[in-house]
>>> print(open('input_29.pdb').read())   # PDB, C-alpha atoms
ATOM      1  CA  MET Y   7      84.564  54.751  51.347
ATOM      2  CA  ASP Y   8      81.903  52.104  52.062
ATOM      3  CA  ASN Y   9      78.643  51.734  50.161
ATOM      4  CA  SER Y  10      76.528  53.605  52.738
ATOM      5  CA  GLU Y  11      78.818  56.647  52.612
ATOM      6  CA  ARG Y  12      78.867  56.576  48.816
ATOM      7  CA  ASP Y  13      75.084  56.277  48.663
ATOM      8  CA  GLY Y  14      74.758  59.150  51.121
ATOM      9  CA  LYS Y  15      76.941  61.425  49.039
ATOM     10  CA  GLU Y  16      75.184  60.485  45.823
ATOM     11  CA  GLY Y  17      71.803  61.032  47.462
ATOM     12  CA  GLY Y  18      72.890  64.414  48.786
ATOM     13  CA  GLY Y  19      74.134  65.435  45.359
ATOM     14  CA  LEU Y  20      70.851  64.398  43.771
ATOM     15  CA  ARG Y  21      68.834  66.378  46.340
ATOM     16  CA  GLU Y  22      70.901  69.503  45.738
ATOM     17  CA  ARG Y  23      70.505  69.147  41.990
ATOM     18  CA  LYS Y  24      66.741  68.791  42.355
ATOM     19  CA  LYS Y  25      66.640  71.891  44.557
ATOM     20  CA  ARG Y  26      68.565  73.902  41.964
ATOM     21  CA  GLU Y  27      66.294  72.637  39.193
ATOM     22  CA  THR Y  28      63.160  73.495  41.183
ATOM     23  CA  LYS Y  29      64.415  76.988  42.002
ATOM     24  CA  LYS Y  30      65.329  77.542  38.359
ATOM     25  CA  ARG Y  31      61.871  76.368  37.259
ATOM     26  CA  ILE Y  32      60.114  78.676  39.733
ATOM     27  CA  THR Y  33      62.228  81.593  38.548
ATOM     28  CA  GLU Y  34      61.587  80.912  34.862
ATOM     29  CA  LYS Y  35      57.835  80.441  35.332
ATOM     30  CA  GLY Y  36      57.600  83.487  37.583
ATOM     31  CA  ILE Y  37      59.442  85.742  35.139
ATOM     32  CA  ALA Y  38      57.308  84.455  32.247
ATOM     33  CA  LEU Y  39      54.125  85.317  34.162
ATOM     34  CA  PHE Y  40      55.479  88.718  35.190
ATOM     35  CA  LEU Y  41      56.266  89.558  31.574
ATOM     36  CA  LYS Y  42      52.832  88.423  30.441
ATOM     37  CA  ARG Y  43      50.666  89.876  33.216
ATOM     38  CA  GLY Y  44      52.788  92.178  35.356
ATOM     39  CA  VAL Y  45      54.226  91.603  38.828
ATOM     40  CA  ASP Y  46      51.266  92.969  40.796
ATOM     41  CA  GLN Y  47      48.728  91.049  38.716
ATOM     42  CA  THR Y  48      50.529  87.714  39.179
ATOM     43  CA  THR Y  49      49.742  85.742  42.329
ATOM     44  CA  LEU Y  50      51.978  83.373  44.253
ATOM     45  CA  ASP Y  51      49.455  80.589  43.666
ATOM     46  CA  GLU Y  52      49.715  81.088  39.899
ATOM     47  CA  ILE Y  53      53.515  80.918  40.031
ATOM     48  CA  ALA Y  54      53.390  77.771  42.155
ATOM     49  CA  ALA Y  55      50.889  76.126  39.816
ATOM     50  CA  ALA Y  56      52.948  76.988  36.734
ATOM     51  CA  ALA Y  57      56.057  75.538  38.394
ATOM     52  CA  GLY Y  58      54.207  72.394  39.466
ATOM     53  CA  ILE Y  59      54.701  72.934  43.198
ATOM     54  CA  SER Y  60      52.560  73.832  46.207
ATOM     55  CA  ARG Y  61      52.310  77.316  47.701
ATOM     56  CA  ARG Y  62      54.069  75.966  50.784
ATOM     57  CA  THR Y  63      56.975  74.686  48.676
ATOM     58  CA  PHE Y  64      57.262  78.098  47.018
ATOM     59  CA  PHE Y  65      58.128  79.641  50.385
ATOM     60  CA  TYR Y  66      60.904  77.095  50.846
ATOM     61  CA  TYR Y  67      62.716  78.763  47.939
ATOM     62  CA  PHE Y  68      61.489  82.365  47.962
ATOM     63  CA  THR Y  69      59.937  84.696  50.513
ATOM     64  CA  SER Y  70      58.099  86.874  47.986
ATOM     65  CA  LYS Y  71      57.560  87.627  44.298
ATOM     66  CA  ASP Y  72      60.258  90.318  44.531
ATOM     67  CA  GLU Y  73      62.754  87.637  45.503
ATOM     68  CA  ILE Y  74      62.261  85.988  42.120
ATOM     69  CA  LEU Y  75      63.329  89.171  40.332
ATOM     70  CA  LEU Y  76      66.270  89.622  42.675
ATOM     71  CA  SER Y  77      67.386  86.037  42.107
ATOM     72  CA  VAL Y  78      67.985  86.954  38.458
ATOM     73  CA  LEU Y  79      70.466  89.598  39.611
ATOM     74  CA  SER Y  80      72.104  87.094  41.942
ATOM     75  CA  GLY Y  81      72.494  84.650  39.084
ATOM     76  CA  ILE Y  82      74.165  87.310  36.953
ATOM     77  CA  GLY Y  83      76.447  88.166  39.865
ATOM     78  CA  GLU Y  84      77.545  84.544  40.217
ATOM     79  CA  LEU Y  85      78.337  84.373  36.506
ATOM     80  CA  LEU Y  86      80.449  87.534  36.787
ATOM     81  CA  THR Y  87      82.543  86.306  39.704
ATOM     82  CA  ASP Y  88      83.018  82.886  38.071
ATOM     83  CA  ALA Y  89      84.213  84.604  34.881
ATOM     84  CA  VAL Y  90      86.702  86.693  36.856
ATOM     85  CA  ARG Y  91      88.059  83.608  38.619
ATOM     86  CA  ASN Y  92      88.432  81.820  35.274
ATOM     87  CA  ALA Y  93      90.078  84.720  33.430
ATOM     88  CA  PRO Y  94      92.931  83.589  31.147
ATOM     89  CA  ALA Y  95      96.426  83.498  32.569
ATOM     90  CA  GLY Y  96      98.220  86.733  31.824
ATOM     91  CA  SER Y  97      95.097  88.876  32.152
ATOM     92  CA  THR Y  98      95.307  92.128  34.075
ATOM     93  CA  PRO Y  99      92.646  92.776  36.740
ATOM     94  CA  ILE Y 100      90.905  95.422  34.614
ATOM     95  CA  ASP Y 101      90.925  93.098  31.591
ATOM     96  CA  ALA Y 102      89.509  90.289  33.727
ATOM     97  CA  VAL Y 103      86.506  92.294  34.938
ATOM     98  CA  TRP Y 104      86.020  93.953  31.540
ATOM     99  CA  ASP Y 105      85.911  90.593  29.747
ATOM    100  CA  ALA Y 106      83.716  89.091  32.477
ATOM    101  CA  VAL Y 107      81.078  91.818  32.310
ATOM    102  CA  VAL Y 108      81.041  91.822  28.511
ATOM    103  CA  SER Y 109      80.791  88.027  28.176
ATOM    104  CA  VAL Y 110      77.993  87.698  30.746
ATOM    105  CA  CYS Y 111      75.923  90.563  29.327
ATOM    106  CA  ASP Y 112      76.472  89.392  25.761
ATOM    107  CA  ALA Y 113      74.753  86.106  26.637
ATOM    108  CA  ILE Y 114      71.517  87.874  27.675
ATOM    109  CA  PRO Y 115      69.123  88.695  24.795
ATOM    110  CA  ALA Y 116      68.548  92.451  24.446
ATOM    111  CA  ASN Y 117      64.756  92.188  24.701
ATOM    112  CA  ASP Y 118      65.007  90.110  27.878
ATOM    113  CA  MET Y 119      67.311  92.695  29.421
ATOM    114  CA  ILE Y 120      64.929  95.552  28.619
ATOM    115  CA  GLU Y 121      61.878  93.683  29.903
ATOM    116  CA  LEU Y 122      63.590  92.582  33.128
ATOM    117  CA  ASP Y 123      64.682  96.145  33.816
ATOM    118  CA  ARG Y 124      61.127  97.346  33.181
ATOM    119  CA  LEU Y 125      59.773  94.772  35.629
ATOM    120  CA  MET Y 126      62.258  95.731  38.316
ATOM    121  CA  ARG Y 127      61.363  99.412  37.966
ATOM    122  CA  THR Y 128      57.731  98.597  38.775
ATOM    123  CA  SER Y 129      58.669  97.471  42.294
ATOM    124  CA  PRO Y 130      60.017 100.102  44.737
ATOM    125  CA  SER Y 131      61.285  97.378  47.081
ATOM    126  CA  VAL Y 132      63.189  95.687  44.252
ATOM    127  CA  GLN Y 133      64.689  99.023  43.217
ATOM    128  CA  ALA Y 134      65.874  99.658  46.769
ATOM    129  CA  ARG Y 135      67.369  96.196  47.109
ATOM    130  CA  LYS Y 136      68.911  96.480  43.656
ATOM    131  CA  GLN Y 137      71.165  99.221  44.996
ATOM    132  CA  ALA Y 138      72.238  96.939  47.832
ATOM    133  CA  PHE Y 139      72.956  94.239  45.255
ATOM    134  CA  TYR Y 140      75.448  96.507  43.486
ATOM    135  CA  VAL Y 141      77.342  97.031  46.747
ATOM    136  CA  GLU Y 142      77.366  93.286  47.410
ATOM    137  CA  GLN Y 143      78.525  92.636  43.869
ATOM    138  CA  GLU Y 144      81.478  94.974  44.280
ATOM    139  CA  GLY Y 145      82.520  92.967  47.316
ATOM    140  CA  GLU Y 146      82.170  89.634  45.536
ATOM    141  CA  ILE Y 147      84.127  90.770  42.481
ATOM    142  CA  TYR Y 148      86.789  92.206  44.798
ATOM    143  CA  ALA Y 149      87.042  88.837  46.567
ATOM    144  CA  ALA Y 150      87.363  87.029  43.218
ATOM    145  CA  LEU Y 151      90.087  89.439  42.123
ATOM    146  CA  LYS Y 152      92.000  88.877  45.362
ATOM    147  CA  GLU Y 153      91.934  85.147  44.739
ATOM    148  CA  ARG Y 154      93.676  85.716  41.410
ATOM    149  CA  TRP Y 155      96.019  88.478  42.623
ATOM    150  CA  PRO Y 156      96.536  87.839  46.351
ATOM    151  CA  GLU Y 157      99.466  90.245  46.913
ATOM    152  CA  PRO Y 158      98.496  92.532  49.834
ATOM    153  CA  GLU Y 159      99.951  95.611  48.160
ATOM    154  CA  ARG Y 160      97.440  95.244  45.310
ATOM    155  CA  SER Y 161      94.384  95.159  47.555
ATOM    156  CA  THR Y 162      93.386  98.834  47.221
ATOM    157  CA  ALA Y 163      93.806  98.808  43.452
ATOM    158  CA  LEU Y 164      91.754  95.615  43.140
ATOM    159  CA  ARG Y 165      88.955  97.118  45.208
ATOM    160  CA  THR Y 166      88.959 100.125  42.882
ATOM    161  CA  VAL Y 167      88.803  97.865  39.837
ATOM    162  CA  ALA Y 168      85.801  96.058  41.353
ATOM    163  CA  MET Y 169      84.030  99.376  41.908
ATOM    164  CA  ILE Y 170      84.798 100.490  38.340
ATOM    165  CA  SER Y 171      83.395  97.249  36.916
ATOM    166  CA  VAL Y 172      80.079  97.567  38.742
ATOM    167  CA  GLY Y 173      79.905 101.273  37.963
ATOM    168  CA  ALA Y 174      80.454 100.578  34.269
ATOM    169  CA  LEU Y 175      77.720  97.949  34.339
ATOM    170  CA  ARG Y 176      75.264 100.353  35.985
ATOM    171  CA  VAL Y 177      75.998 103.193  33.545
ATOM    172  CA  ALA Y 178      75.747 100.870  30.544
ATOM    173  CA  ALA Y 179      72.451  99.423  31.804
ATOM    174  CA  ASP Y 180      70.976 102.907  32.283
ATOM    175  CA  ILE Y 181      71.997 104.027  28.781
ATOM    176  CA  PHE Y 182      70.815 100.746  27.277
ATOM    177  CA  THR Y 183      67.382 101.196  28.864
ATOM    178  CA  GLN Y 184      67.115 104.880  27.934
ATOM    179  CA  GLU Y 185      67.991 104.088  24.315
ATOM    180  CA  LYS Y 186      65.644 101.073  24.344
ATOM    181  CA  GLY Y 187      68.434  98.773  23.253
ATOM    182  CA  THR Y 188      69.308 100.605  20.041
ATOM    183  CA  ARG Y 189      72.994 100.005  20.766
ATOM    184  CA  PRO Y 190      74.176  96.572  21.934
ATOM    185  CA  MET Y 191      75.077  96.289  25.610
ATOM    186  CA  VAL Y 192      78.513  94.988  24.643
ATOM    187  CA  GLU Y 193      79.200  98.112  22.581
ATOM    188  CA  LEU Y 194      78.228 100.340  25.508
ATOM    189  CA  LEU Y 195      80.369  98.377  27.946
ATOM    190  CA  ASP Y 196      83.413  98.484  25.674
ATOM    191  CA  GLU Y 197      82.954 102.228  25.254
ATOM    192  CA  ILE Y 198      82.604 102.858  28.998
ATOM    193  CA  PHE Y 199      85.452 100.585  30.063
ATOM    194  CA  GLY Y 200      87.658 102.005  27.319
ATOM    195  CA  SER Y 201      86.909 105.586  28.332
ATOM    196  CA  ALA Y 202      87.580 104.836  31.999
ATOM    197  CA  ALA Y 203      90.881 103.125  31.216
ATOM    198  CA  LYS Y 204      91.913 106.036  28.983
ATOM    199  CA  GLU Y 205      91.110 108.610  31.676
ATOM    200  CA  ILE Y 206      93.100 106.695  34.294
ATOM    201  CA  ARG Y 207      96.137 106.386  32.034
ATOM    202  CA  SER Y 208      95.992 110.056  30.948
ATOM    203  CA  HIS Y 209      96.443 111.245  34.528
ATOM    204  CA  ARG Y 210      99.440 109.104  35.405
TER
END
>>> encode(input="input_29.pdb", output="structure tokens")
Amino acid sequence: MDNSERDGKEGGGLRERKKRETKKRITEKGIALFLKRGVDQTTLDEIAAAAGISRRTFFYYFTSKDEILLSVLSGIGELLTDAVRNAPAGSTPIDAVWDAVVSVCDAIPANDMIELDRLMRTSPSVQARKQAFYVEQEGEIYAALKERWPEPERSTALRTVAMISVGALRVAADIFTQEKGTRPMVELLDEIFGSAAKEIRSHR
């Protein structure tokens, strides 16, 4: 590789890193303003100013304020699929998704989880797209599982495991919100996954 090619690759890597950092900063500043003032009361100009960018640059990364909230879900989804792909050798598919969901949710402070859910419930468009996110997430977890267990005969079972994992996450999130975080998310997830696994085994 000559110097020009090396410089090009290094420059490209730096640009991508700056883009990720800028998007992360916009998201963090946007969420902070939403929590402080509410989604409807926060303007795009205020988010851009807090992030140190222009309004025009904002639209390079997001198309709306709702997109900022949805990007949080996307980030969680990426963490889940990465955790599934990096599950320890010897894990079963159900253990892989169970551990992935628990580890990712355990890293999110309870108060942040409650507040983010409250914010999302204030936007009908976010609520509608949130349902689509769950469907997409099932597909992404299924794809990650197939990478680890590529045998064709396991495909249907892996798809079912992916659906169970997202279903468990949704049920746990609903209970967590209803109870206002009185029980840790991890405790709820372990209870739900454990109950599901027990029911499946009892009908064999």
>>> residues_around(input="input_29.pdb", residues="range 178-193 of chain Y", least_positions_apart="3", cutoff="8 Å", atoms="all atoms listed in the file", output="list in words")
Val108, Cys111, Asp112, Ala116, Asn117, Ile120, Asp123, Ala174, Leu175, Asp196, Glu197 and Ile198 of chain Y
>>> resolve_selection(input="input_29.pdb", expression="the PyMOL selection byres ((chain Y and resi 90) around 12)", output="PDB file with C-alpha atoms, keeping the file's coordinate frame")
ATOM      1  CA  GLY Y  83      76.447  88.166  39.865  1.00  0.00           C
ATOM      2  CA  GLU Y  84      77.545  84.544  40.217  1.00  0.00           C
ATOM      3  CA  LEU Y  85      78.337  84.373  36.506  1.00  0.00           C
ATOM      4  CA  LEU Y  86      80.449  87.534  36.787  1.00  0.00           C
ATOM      5  CA  THR Y  87      82.543  86.306  39.704  1.00  0.00           C
ATOM      6  CA  ASP Y  88      83.018  82.886  38.071  1.00  0.00           C
ATOM      7  CA  ALA Y  89      84.213  84.604  34.881  1.00  0.00           C
ATOM      8  CA  ARG Y  91      88.059  83.608  38.619  1.00  0.00           C
ATOM      9  CA  ASN Y  92      88.432  81.820  35.274  1.00  0.00           C
ATOM     10  CA  ALA Y  93      90.078  84.720  33.430  1.00  0.00           C
ATOM     11  CA  PRO Y  94      92.931  83.589  31.147  1.00  0.00           C
ATOM     12  CA  ALA Y  95      96.426  83.498  32.569  1.00  0.00           C
ATOM     13  CA  SER Y  97      95.097  88.876  32.152  1.00  0.00           C
ATOM     14  CA  THR Y  98      95.307  92.128  34.075  1.00  0.00           C
ATOM     15  CA  PRO Y  99      92.646  92.776  36.740  1.00  0.00           C
ATOM     16  CA  ILE Y 100      90.905  95.422  34.614  1.00  0.00           C
ATOM     17  CA  ASP Y 101      90.925  93.098  31.591  1.00  0.00           C
ATOM     18  CA  ALA Y 102      89.509  90.289  33.727  1.00  0.00           C
ATOM     19  CA  VAL Y 103      86.506  92.294  34.938  1.00  0.00           C
ATOM     20  CA  TRP Y 104      86.020  93.953  31.540  1.00  0.00           C
ATOM     21  CA  ASP Y 105      85.911  90.593  29.747  1.00  0.00           C
ATOM     22  CA  ALA Y 106      83.716  89.091  32.477  1.00  0.00           C
ATOM     23  CA  VAL Y 107      81.078  91.818  32.310  1.00  0.00           C
ATOM     24  CA  VAL Y 108      81.041  91.822  28.511  1.00  0.00           C
ATOM     25  CA  SER Y 109      80.791  88.027  28.176  1.00  0.00           C
ATOM     26  CA  VAL Y 110      77.993  87.698  30.746  1.00  0.00           C
ATOM     27  CA  GLU Y 146      82.170  89.634  45.536  1.00  0.00           C
ATOM     28  CA  ILE Y 147      84.127  90.770  42.481  1.00  0.00           C
ATOM     29  CA  TYR Y 148      86.789  92.206  44.798  1.00  0.00           C
ATOM     30  CA  ALA Y 149      87.042  88.837  46.567  1.00  0.00           C
ATOM     31  CA  ALA Y 150      87.363  87.029  43.218  1.00  0.00           C
ATOM     32  CA  LEU Y 151      90.087  89.439  42.123  1.00  0.00           C
ATOM     33  CA  LYS Y 152      92.000  88.877  45.362  1.00  0.00           C
ATOM     34  CA  GLU Y 153      91.934  85.147  44.739  1.00  0.00           C
ATOM     35  CA  ARG Y 154      93.676  85.716  41.410  1.00  0.00           C
ATOM     36  CA  TRP Y 155      96.019  88.478  42.623  1.00  0.00           C
ATOM     37  CA  VAL Y 167      88.803  97.865  39.837  1.00  0.00           C
ATOM     38  CA  ALA Y 168      85.801  96.058  41.353  1.00  0.00           C
ATOM     39  CA  SER Y 171      83.395  97.249  36.916  1.00  0.00           C
TER      40      SER Y 171
END
>>> closest_residue(input="input_29.pdb", among="Y:Val78, Y:Gly58, Y:Phe64, Y:Lys71", to="Leu122 in chain Y", atoms="only C-alpha atoms")
Y:Val78
>>> atom_distance(input="input_29.pdb", atom1="CA of Glu27 in chain Y", atom2="CA of Tyr66 in chain Y")
13.6 Å
>>> residues_near_point(input="input_29.pdb", point="(62.2, 85.5, 47.2)", cutoff="12 Å", atoms="all atoms listed in the file", output="PDB file with C-alpha atoms, in the coordinates of the input")
ATOM      1  CA  LYS Y  29      64.415  76.988  42.002  1.00  0.00           C
ATOM      2  CA  ILE Y  32      60.114  78.676  39.733  1.00  0.00           C
ATOM      3  CA  THR Y  33      62.228  81.593  38.548  1.00  0.00           C
ATOM      4  CA  GLY Y  36      57.600  83.487  37.583  1.00  0.00           C
ATOM      5  CA  LEU Y  50      51.978  83.373  44.253  1.00  0.00           C
ATOM      6  CA  PHE Y  64      57.262  78.098  47.018  1.00  0.00           C
ATOM      7  CA  PHE Y  65      58.128  79.641  50.385  1.00  0.00           C
ATOM      8  CA  TYR Y  66      60.904  77.095  50.846  1.00  0.00           C
ATOM      9  CA  TYR Y  67      62.716  78.763  47.939  1.00  0.00           C
ATOM     10  CA  PHE Y  68      61.489  82.365  47.962  1.00  0.00           C
ATOM     11  CA  THR Y  69      59.937  84.696  50.513  1.00  0.00           C
ATOM     12  CA  SER Y  70      58.099  86.874  47.986  1.00  0.00           C
ATOM     13  CA  LYS Y  71      57.560  87.627  44.298  1.00  0.00           C
ATOM     14  CA  ASP Y  72      60.258  90.318  44.531  1.00  0.00           C
ATOM     15  CA  GLU Y  73      62.754  87.637  45.503  1.00  0.00           C
ATOM     16  CA  ILE Y  74      62.261  85.988  42.120  1.00  0.00           C
ATOM     17  CA  LEU Y  75      63.329  89.171  40.332  1.00  0.00           C
ATOM     18  CA  LEU Y  76      66.270  89.622  42.675  1.00  0.00           C
ATOM     19  CA  SER Y  77      67.386  86.037  42.107  1.00  0.00           C
ATOM     20  CA  VAL Y  78      67.985  86.954  38.458  1.00  0.00           C
ATOM     21  CA  LEU Y  79      70.466  89.598  39.611  1.00  0.00           C
ATOM     22  CA  SER Y  80      72.104  87.094  41.942  1.00  0.00           C
ATOM     23  CA  SER Y 131      61.285  97.378  47.081  1.00  0.00           C
ATOM     24  CA  VAL Y 132      63.189  95.687  44.252  1.00  0.00           C
ATOM     25  CA  ARG Y 135      67.369  96.196  47.109  1.00  0.00           C
TER      26      ARG Y 135
END
>>> atom_distance(input="input_29.pdb", atom1="CA of Ser201 in chain Y", atom2="CA of Gln143 in chain Y")
21.9 Å
>>> closest_residue(input="input_29.pdb", among="Y:Met169, Y:Leu39, Y:Ile59, Y:Ile82", to="Met119 in chain Y", atoms="all atoms listed in the file")
Y:Ile82
>>> resolve_selection(input="input_29.pdb", expression="the PyMOL selection byres ((chain Y and resi 44) around 12)", output="list in words")
Gly36, Ile37, Ala38, Leu39, Phe40, Leu41, Lys42, Arg43, Val45, Asp46, Gln47, Thr48, Thr49, Lys71, Asp72, Glu121, Leu122, Arg124, Leu125, Met126, Arg127, Thr128 and Ser129 of chain Y
>>> write_last_selection(input="input_29.pdb", atoms="C-alpha atoms", output="short mmCIF file (atom, residue, chain, number, x, y, z; two decimals), in the coordinates of the input")
data_model
loop_
_atom_site.label_atom_id
_atom_site.label_comp_id
_atom_site.auth_asym_id
_atom_site.auth_seq_id
_atom_site.Cartn_x
_atom_site.Cartn_y
_atom_site.Cartn_z
CA GLY Y 36 57.60 83.49 37.58
CA ILE Y 37 59.44 85.74 35.14
CA ALA Y 38 57.31 84.46 32.25
CA LEU Y 39 54.12 85.32 34.16
CA PHE Y 40 55.48 88.72 35.19
CA LEU Y 41 56.27 89.56 31.57
CA LYS Y 42 52.83 88.42 30.44
CA ARG Y 43 50.67 89.88 33.22
CA VAL Y 45 54.23 91.60 38.83
CA ASP Y 46 51.27 92.97 40.80
CA GLN Y 47 48.73 91.05 38.72
CA THR Y 48 50.53 87.71 39.18
CA THR Y 49 49.74 85.74 42.33
CA LYS Y 71 57.56 87.63 44.30
CA ASP Y 72 60.26 90.32 44.53
CA GLU Y 121 61.88 93.68 29.90
CA LEU Y 122 63.59 92.58 33.13
CA ARG Y 124 61.13 97.35 33.18
CA LEU Y 125 59.77 94.77 35.63
CA MET Y 126 62.26 95.73 38.32
CA ARG Y 127 61.36 99.41 37.97
CA THR Y 128 57.73 98.60 38.78
CA SER Y 129 58.67 97.47 42.29
#
